[in-house]
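Trainee: Input file: run09.txt. Contents: compact mmCIF, C-alpha atoms.
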# COMPACT_ATOMS: atom_id res chain seq x y z
CA MET A 654 -10.69 -19.34 15.65
CA THR A 655 -10.63 -18.25 12.03
CA ARG A 656 -13.28 -15.74 11.04
CA SER A 657 -15.22 -16.52 7.88
CA PRO A 658 -14.87 -14.04 5.02
CA ILE A 659 -17.85 -11.87 4.07
CA THR A 660 -19.22 -11.88 0.54
CA ILE A 661 -19.23 -8.42 -1.04
CA GLY A 662 -19.66 -7.00 -4.55
CA LEU A 663 -16.93 -5.42 -6.69
CA ARG A 664 -17.42 -3.54 -9.95
CA ASP A 665 -16.13 -5.49 -12.93
CA LEU A 666 -14.66 -2.67 -15.01
CA HIS A 667 -14.34 -4.90 -18.10
CA ASN A 668 -18.08 -5.55 -18.49
CA GLY A 669 -19.74 -3.02 -16.17
CA GLY A 670 -21.27 -5.69 -13.94
CA VAL A 671 -20.85 -6.61 -10.31
CA VAL A 672 -18.94 -9.70 -9.22
CA ASP A 673 -18.84 -11.51 -5.89
CA ALA A 674 -15.68 -11.06 -3.86
CA LEU A 675 -14.58 -12.04 -0.36
CA LEU A 676 -13.75 -9.56 2.35
CA HIS A 677 -11.31 -11.23 4.76
CA THR A 678 -11.27 -9.69 8.23
CA GLU A 679 -8.12 -11.57 9.18
CA LEU A 680 -5.27 -12.80 7.02
CA SER A 681 -2.91 -15.77 7.04
CA GLU A 682 0.77 -15.83 6.25
CA ALA A 683 0.01 -17.71 3.03
CA GLN A 684 -2.45 -15.04 1.88
CA ILE A 685 0.06 -12.25 2.51
CA ARG A 686 2.82 -14.10 0.68
CA ALA A 687 0.58 -14.90 -2.29
CA ALA A 688 -0.58 -11.28 -2.57
CA GLN A 689 2.93 -9.86 -2.41
CA GLU A 690 4.24 -12.36 -4.96
CA ALA A 691 1.37 -11.61 -7.35
CA TRP A 692 1.52 -7.83 -6.90
CA GLU A 693 5.22 -7.04 -6.77
CA PRO A 694 6.20 -7.71 -10.42
CA VAL A 695 3.04 -6.05 -11.78
CA ARG A 696 3.47 -2.98 -9.58
CA LYS A 697 7.17 -2.68 -10.40
CA ALA A 698 6.64 -3.09 -14.16
CA ALA A 699 3.79 -0.57 -14.19
CA ILE A 700 5.80 2.06 -12.35
CA GLU A 701 8.89 1.46 -14.52
CA ASN A 702 6.66 1.83 -17.57
CA LEU A 703 5.35 5.18 -16.32
CA HIS A 704 8.90 6.36 -15.76
CA ALA A 705 9.93 5.18 -19.23
CA GLN A 706 7.04 7.21 -20.67
CA GLY A 707 8.59 10.33 -19.20
CA GLN A 708 6.87 10.63 -15.79
CA PRO A 709 9.35 12.30 -13.43
CA LEU A 710 10.41 10.33 -10.36
CA GLU A 711 8.55 12.65 -7.99
CA ALA A 712 5.28 12.06 -9.86
CA LEU A 713 5.44 8.25 -9.66
CA PRO A 714 3.38 6.31 -7.09
CA LYS A 715 5.36 6.10 -3.85
CA HIS A 716 4.39 2.59 -2.75
CA TRP A 717 6.63 0.81 -5.27
CA GLY A 718 8.82 -0.69 -2.52
CA TRP A 719 6.13 -1.93 -0.13
CA ASP A 720 6.54 -5.52 1.01
CA TRP A 721 3.58 -6.92 2.93
CA ARG A 722 5.63 -9.98 3.96
CA ARG A 723 7.36 -7.75 6.53
CA LYS A 724 4.07 -7.73 8.44
CA ILE A 725 3.76 -11.50 8.77
CA ASN A 726 5.18 -11.61 12.31
CA ARG A 727 2.52 -9.09 13.41
CA LEU A 728 -0.52 -10.93 12.06
CA ASP A 729 -1.59 -12.13 15.53
CA ASP A 730 -0.96 -8.80 17.28
CA PRO A 731 -4.23 -8.01 19.13
CA LEU A 732 -3.66 -4.28 18.58
CA LEU A 733 -3.64 -4.61 14.80
CA GLY A 734 -6.15 -5.67 12.17
CA PHE A 735 -5.41 -7.10 8.74
CA TYR A 736 -8.04 -7.14 6.00
CA GLY A 737 -8.03 -8.24 2.39
CA ILE A 738 -10.41 -8.41 -0.57
CA GLU A 739 -10.13 -11.51 -2.74
CA CYS A 740 -11.70 -11.98 -6.15
CA GLU A 741 -11.07 -14.50 -8.91
CA GLY A 742 -8.62 -16.30 -6.61
CA LYS A 743 -6.36 -13.27 -6.15
CA MET A 744 -6.05 -10.63 -3.46
CA GLN A 745 -7.28 -7.32 -4.90
CA GLY A 746 -6.44 -5.10 -1.93
CA LEU A 747 -4.91 -5.23 1.55
CA LEU A 748 -5.35 -3.10 4.65
CA GLU A 749 -3.50 -2.87 7.97
CA LEU A 750 -5.17 -1.06 10.86
CA ALA A 751 -4.12 -0.03 14.37
CA LYS A 752 -6.92 -0.54 16.89
CA GLU A 753 -5.15 1.26 19.74
CA GLY A 754 -2.85 4.17 20.38
CA HIS A 755 -4.36 6.87 18.19
CA LEU A 756 -6.61 9.74 19.26
CA ALA A 757 -8.55 12.16 17.08
CA LYS A 758 -6.99 15.55 16.27
CA LEU A 759 -9.86 17.47 14.64
CA PRO A 760 -11.25 20.05 17.11
CA GLU A 761 -14.78 18.58 17.14
CA GLN A 762 -13.54 15.12 18.20
CA LYS A 763 -10.11 15.85 19.66
CA GLY A 764 -8.89 13.23 22.14
CA ARG A 765 -11.46 10.60 21.18
CA PRO A 766 -10.12 7.17 20.14
CA LEU A 767 -10.06 6.28 16.47
CA ILE A 768 -8.93 3.48 14.19
CA TYR A 769 -5.71 4.38 12.38
CA VAL A 770 -5.10 3.11 8.85
CA LYS A 771 -1.43 2.14 8.78
CA TYR A 772 -1.25 0.77 5.24
CA ILE A 773 -3.73 0.29 2.42
CA GLU A 774 -2.87 -0.93 -1.05
CA VAL A 775 -4.89 -1.94 -4.07
CA ALA A 776 -3.40 -4.37 -6.61
CA ALA A 777 -1.73 -2.48 -9.46
CA TRP A 778 -4.06 -4.03 -12.05
CA ASN A 779 -6.99 -2.19 -10.40
CA ILE A 780 -5.37 1.26 -10.43
CA LYS A 781 -6.08 3.45 -13.45
CA VAL A 782 -2.77 5.30 -13.29
CA LEU A 783 -0.89 1.97 -13.34
CA ALA A 784 -3.14 -0.12 -15.58
CA PRO A 785 -4.72 1.33 -18.75
CA ASN A 786 -7.62 -1.12 -18.48
CA PRO A 787 -8.17 -1.70 -14.74
CA ARG A 788 -9.89 -4.93 -13.68
CA PHE A 789 -12.02 -4.15 -10.60
CA GLY A 790 -13.36 -0.88 -9.20
CA GLY A 791 -14.16 0.12 -5.65
CA VAL A 792 -11.55 -2.03 -3.91
CA GLY A 793 -9.93 0.79 -1.94
CA ALA A 794 -13.25 2.35 -0.96
CA ARG A 795 -14.60 -1.02 0.21
CA LEU A 796 -11.50 -1.56 2.36
CA MET A 797 -11.96 1.91 3.84
CA LYS A 798 -15.59 1.06 4.58
CA ALA A 799 -14.39 -2.06 6.37
CA ALA A 800 -12.18 0.21 8.48
CA VAL A 801 -15.20 2.38 9.32
CA GLU A 802 -17.21 -0.74 10.20
CA LEU A 803 -14.44 -1.82 12.57
CA SER A 804 -14.38 1.66 14.08
CA LEU A 805 -18.12 1.40 14.73
CA SER A 806 -17.83 -2.07 16.25
CA GLU A 807 -15.01 -0.82 18.52
CA ASP A 808 -17.28 2.07 19.61
CA CYS A 809 -14.99 4.63 17.95
CA LYS A 810 -18.14 5.94 16.19
CA GLY A 811 -16.66 5.55 12.70
CA ARG A 812 -13.68 7.82 13.37
CA LEU A 813 -10.57 7.04 11.27
CA GLY A 814 -7.15 8.64 10.86
CA LEU A 815 -4.30 8.11 8.40
CA HIS A 816 -1.29 9.72 6.76
CA SER A 817 -1.67 9.67 3.00
CA LEU A 818 0.87 9.07 0.29
CA PRO A 819 1.22 12.26 -1.79
CA GLY A 820 -0.84 13.11 -4.85
CA ALA A 821 -3.81 15.47 -4.94
CA ASN A 822 -4.93 15.01 -8.57
CA LYS A 823 -8.15 13.11 -9.25
CA GLY A 824 -7.56 9.43 -8.50
CA ASP A 825 -4.46 10.11 -6.39
CA PRO A 826 -4.33 9.10 -2.71
CA GLU A 827 -5.00 12.53 -1.15
CA TRP A 828 -7.88 13.15 -3.55
CA PHE A 829 -9.32 9.71 -2.78
CA TYR A 830 -9.30 10.19 1.01
CA GLN A 831 -10.78 13.68 0.82
CA HIS A 832 -13.38 13.27 -1.91
CA VAL A 833 -14.35 9.60 -1.84
CA CYS A 834 -13.82 8.75 1.83
CA LYS A 835 -15.01 12.18 3.09
CA MET A 836 -11.94 12.67 5.29
CA GLU A 837 -10.64 16.08 6.31
CA PRO A 838 -6.99 17.01 5.68
CA MET A 839 -5.01 18.60 8.51
CA GLU A 840 -1.93 20.47 7.32
CA SER A 841 -0.75 20.93 10.90
CA GLU A 842 -0.49 17.15 11.42
CA ARG A 843 1.91 16.10 8.66
CA ASP A 844 4.23 13.29 9.81
CA GLY A 845 8.03 13.20 9.82
CA GLU A 846 8.08 12.26 6.14
CA GLY A 847 5.79 15.16 5.25
CA LEU A 848 2.75 12.96 4.61
CA LEU A 849 -0.55 14.78 4.99
CA TYR A 850 -2.86 13.66 7.81
CA PHE A 851 -6.54 12.93 7.11
CA GLU A 852 -9.28 12.25 9.61
CA LEU A 853 -12.85 11.00 9.31
CA THR A 854 -15.42 12.35 11.73
CA ALA A 855 -18.27 10.28 13.14
CA GLN A 856 -20.77 12.25 11.06
CA ARG A 857 -18.80 12.00 7.82
CA ALA A 858 -18.34 8.27 8.44
CA GLN A 859 -22.10 7.78 8.11
CA GLU A 860 -22.11 9.78 4.85
CA PHE A 861 -19.23 7.68 3.51
CA LEU A 862 -20.97 4.41 4.44
CA LYS A 863 -24.14 5.51 2.64
CA GLY A 864 -22.26 6.52 -0.51
CA GLY A 865 -21.18 4.21 -3.30
CA THR A 866 -17.70 2.77 -3.75
CA GLN A 867 -16.66 4.84 -6.78
CA MET B 806 -16.68 -8.97 12.57
CA ALA B 807 -15.87 -11.42 15.36
CA ASP B 808 -18.74 -13.13 17.21
CA LYS B 809 -19.26 -11.84 20.73
CA ARG B 810 -20.25 -13.60 23.94
CA THR B 811 -21.85 -12.10 27.04
CA MET B 812 -20.66 -12.30 30.63
CA THR B 813 -21.53 -10.66 33.94
CA LEU B 814 -18.81 -8.52 35.50
CA ASN B 815 -18.92 -7.77 39.24
CA LEU B 816 -17.17 -4.52 40.15
CA THR B 817 -16.81 -2.52 43.37
CA ASP B 818 -18.16 1.05 43.45
CA GLU B 819 -14.64 2.34 43.06
CA GLU B 820 -13.98 0.16 40.04
CA MET B 821 -17.32 1.10 38.50
CA ASN B 822 -16.57 4.78 39.05
CA ALA B 823 -13.24 4.36 37.29
CA LEU B 824 -14.96 2.62 34.38
CA ASP B 825 -17.62 5.35 34.23
CA ALA B 826 -14.94 8.04 34.17
CA LEU B 827 -13.05 6.39 31.31
CA SER B 828 -16.28 5.76 29.43
CA ASN B 829 -17.24 9.45 29.70
CA ARG B 830 -13.78 10.75 28.92
CA TYR B 831 -13.41 8.76 25.72
CA ASP B 832 -17.08 8.71 24.68
CA MET B 833 -17.11 4.93 24.59
CA SER B 834 -19.32 2.29 26.17
CA LYS B 835 -18.09 0.50 29.27
CA THR B 836 -17.92 -2.69 27.24
CA ALA B 837 -15.63 -1.02 24.69
CA ILE B 838 -13.37 0.27 27.48
CA VAL B 839 -13.07 -3.21 29.03
CA ARG B 840 -12.34 -4.74 25.64
CA LYS B 841 -9.61 -2.16 24.98
CA ALA B 842 -8.12 -2.75 28.42
CA LEU B 843 -8.09 -6.51 27.86
CA ARG B 844 -6.44 -6.10 24.47
CA MET B 845 -3.73 -3.86 25.94
CA TYR B 846 -3.16 -6.29 28.80
CA GLN B 847 -2.91 -9.17 26.33
CA MET B 848 -0.30 -7.29 24.29
CA ILE B 849 1.73 -6.28 27.35
CA ASP B 850 1.60 -9.78 28.83
CA SER B 851 2.66 -11.34 25.54
CA ARG B 852 5.68 -9.03 25.26
CA LEU B 853 6.67 -9.53 28.89
CA GLN B 854 6.49 -13.28 28.35
CA ARG B 855 8.97 -12.83 25.51
CA GLY B 856 11.37 -11.17 27.94
CA GLU B 857 10.69 -7.53 27.05
CA LYS B 858 10.23 -4.84 29.70
CA LEU B 859 7.64 -2.10 30.09
CA PHE B 860 8.80 1.42 30.97
CA LEU B 861 7.07 4.69 31.75
CA GLU B 862 8.93 7.83 30.77
CA ASP B 863 8.46 11.40 31.92
CA GLU B 864 10.25 13.49 29.31
CA ALA B 865 9.93 16.74 31.25
CA GLU B 866 11.39 15.26 34.42
CA LYS B 867 13.78 13.02 32.44
CA LYS B 868 12.65 10.06 34.54
CA LYS B 869 12.16 6.51 33.34
CA SER B 870 10.76 3.71 35.49
CA GLU B 871 10.02 0.09 34.82
CA LEU B 872 6.42 -0.97 35.28
CA VAL B 873 6.12 -4.46 36.74
CA VAL B 874 2.92 -6.20 35.60
CA LEU B 875 1.58 -9.32 37.27
Would you encode the structure as structure tokens?
Mentor:
Amino acid sequence: MTRSPITIGLRDLHNGGVVDALLHTELSEAQIRAAQEAWEPVRKAAIENLHAQGQPLEALPKHWGWDWRRKINRLDDPLLGFYGIECEGKMQGLLELAKEGHLAKLPEQKGRPLIYVKYIEVAAWNIKVLAPNPRFGGVGARLMKAAVELSLSEDCKGRLGLHSLPGANKGDPEWFYQHVCKMEPMESERDGEGLLYFELTAQRAQEFLKGGTQ
Amino acid sequence: MADKRTMTLNLTDEEMNALDALSNRYDMSKTAIVRKALRMYQMIDSRLQRGEKLFLEDEAEKKKSELVVL
């Protein structure tokens, strides 16, 4: 049975208003394909443009090669969740979650189950570093709130974990998870690629849910 | 989130004790534990139906054994 999308608000960064968007709590193959086909050329061009402007390779966003179509054969996996935010007929952000197999590492909640964010991406035209005049604001934060809501409904008390792409400057992934999503970094839990681990506690999850989607 | 339906589950004392222990250990409701168990069973069954096998491995003892699931 297909779950109906939920109507949410996104910030329209062109006029300062709020527009209706749809939060999909499951995704179809067609939606994934459409998102990838719309995003890929924009993402690639934006990153190439940054490089042409003199940004060194190591400073460029690291998700340039992501292909969400590789996930299509896992869409019906009961252990995974796929979410998307759609606005003006286009997917504005996508999220893949693992519902099982991950336990908390922070001392105050060590060993307790959590929801693990496997992949999250916001369309390039909504990211300030990639688009000089971004279209919608709050897409990533709203997807992360959806992850917290799932964690609560799964009785994981809002706990989340993830390994972040690098970048600690304002607006970069590590900054976003720590300062917007209220997650705690754990240096000792970097993965094999050196990505920094972040975890959201049950208490911080409530603070994040109450805050705005900046 | 997905709509939920309610059912009554009849368990023996032993089964209820096991559910209580898991619920306490992971700080989750009994309902959440049963839902997780069902989801895991669904995943394992689906992969077994595709011809895959399920193994348990003890790295320290260097032992690997196949788990047969009905």
Trainee: Excluding Cys809 of chain A and any residue of its chain fewer than 4 positions from it, enumerate the residues within 9 Å of it, using all atoms listed in the file, and give them as number ranges by chain.
Mentor: A: 765-768, 801, 803-805, 813, 855; B: 831-833, 837
Trainee: If we count all atoms listed in the file and set the cut-off at 8 Å, which residues sit around segment 843-852 of chain B, ignoring sequence neighbours fewer than 4 positions away in its own chain? Please answer as a PyMOL selection string.
Mentor: (chain A and resi 730-732) or (chain B and resi 839+856-859+874)
Trainee: If you keep C-alpha atoms, can you produce a file of those selected residues as a PDB file, in the frame of the given file?
Mentor:
ATOM      1  CA  ASP A 730      -0.960  -8.800  17.280  1.00  0.00           C
ATOM      2  CA  PRO A 731      -4.230  -8.010  19.130  1.00  0.00           C
ATOM      3  CA  LEU A 732      -3.660  -4.280  18.580  1.00  0.00           C
TER       4      LEU A 732
ATOM      5  CA  VAL B 839     -13.070  -3.210  29.030  1.00  0.00           C
ATOM      6  CA  GLY B 856      11.370 -11.170  27.940  1.00  0.00           C
ATOM      7  CA  GLU B 857      10.690  -7.530  27.050  1.00  0.00           C
ATOM      8  CA  LYS B 858      10.230  -4.840  29.700  1.00  0.00           C
ATOM      9  CA  LEU B 859       7.640  -2.100  30.090  1.00  0.00           C
ATOM     10  CA  VAL B 874       2.920  -6.200  35.600  1.00  0.00           C
TER      11      VAL B 874
END
Trainee: Taking all atoms listed in the file into account, name the residue in A:Gln762, A:Gln684, A:Asn822, A:Thr678 that is nearest to Thr660 of chain A.
Mentor: A:Thr678
Trainee: Please indicate the distance in Å from atom CA of Leu783 of chain A to atom CA of Val833 of chain A, rounded to one decimal place.
Mentor: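 These two atoms are separated by 19.3 Å.
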Trainee: Quick one: pull the distance between atom CA of Glu827 of chain A and atom CA of Ala777 of chain A, Å, one decimal.
Mentor: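 About the pair atom CA of Glu827 of chain A and atom CA of Ala777 of chain A: they are 17.5 Å apart.
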Trainee: Hey, which of B:Glu864, B:Asp808, B:Glu871, B:Glu819 ends up closest to chain A? Count all atoms listed in the file.
Mentor: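 Checking each candidate against chain A, we get B:Asp808 as the closest.
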Trainee: Can you measure atom CA of Ala794 of chain A to atom CA of Ala807 of chain B for me? One decimal in Å is fine.
Mentor: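 That distance, rounded to one decimal, is 21.5 Å.
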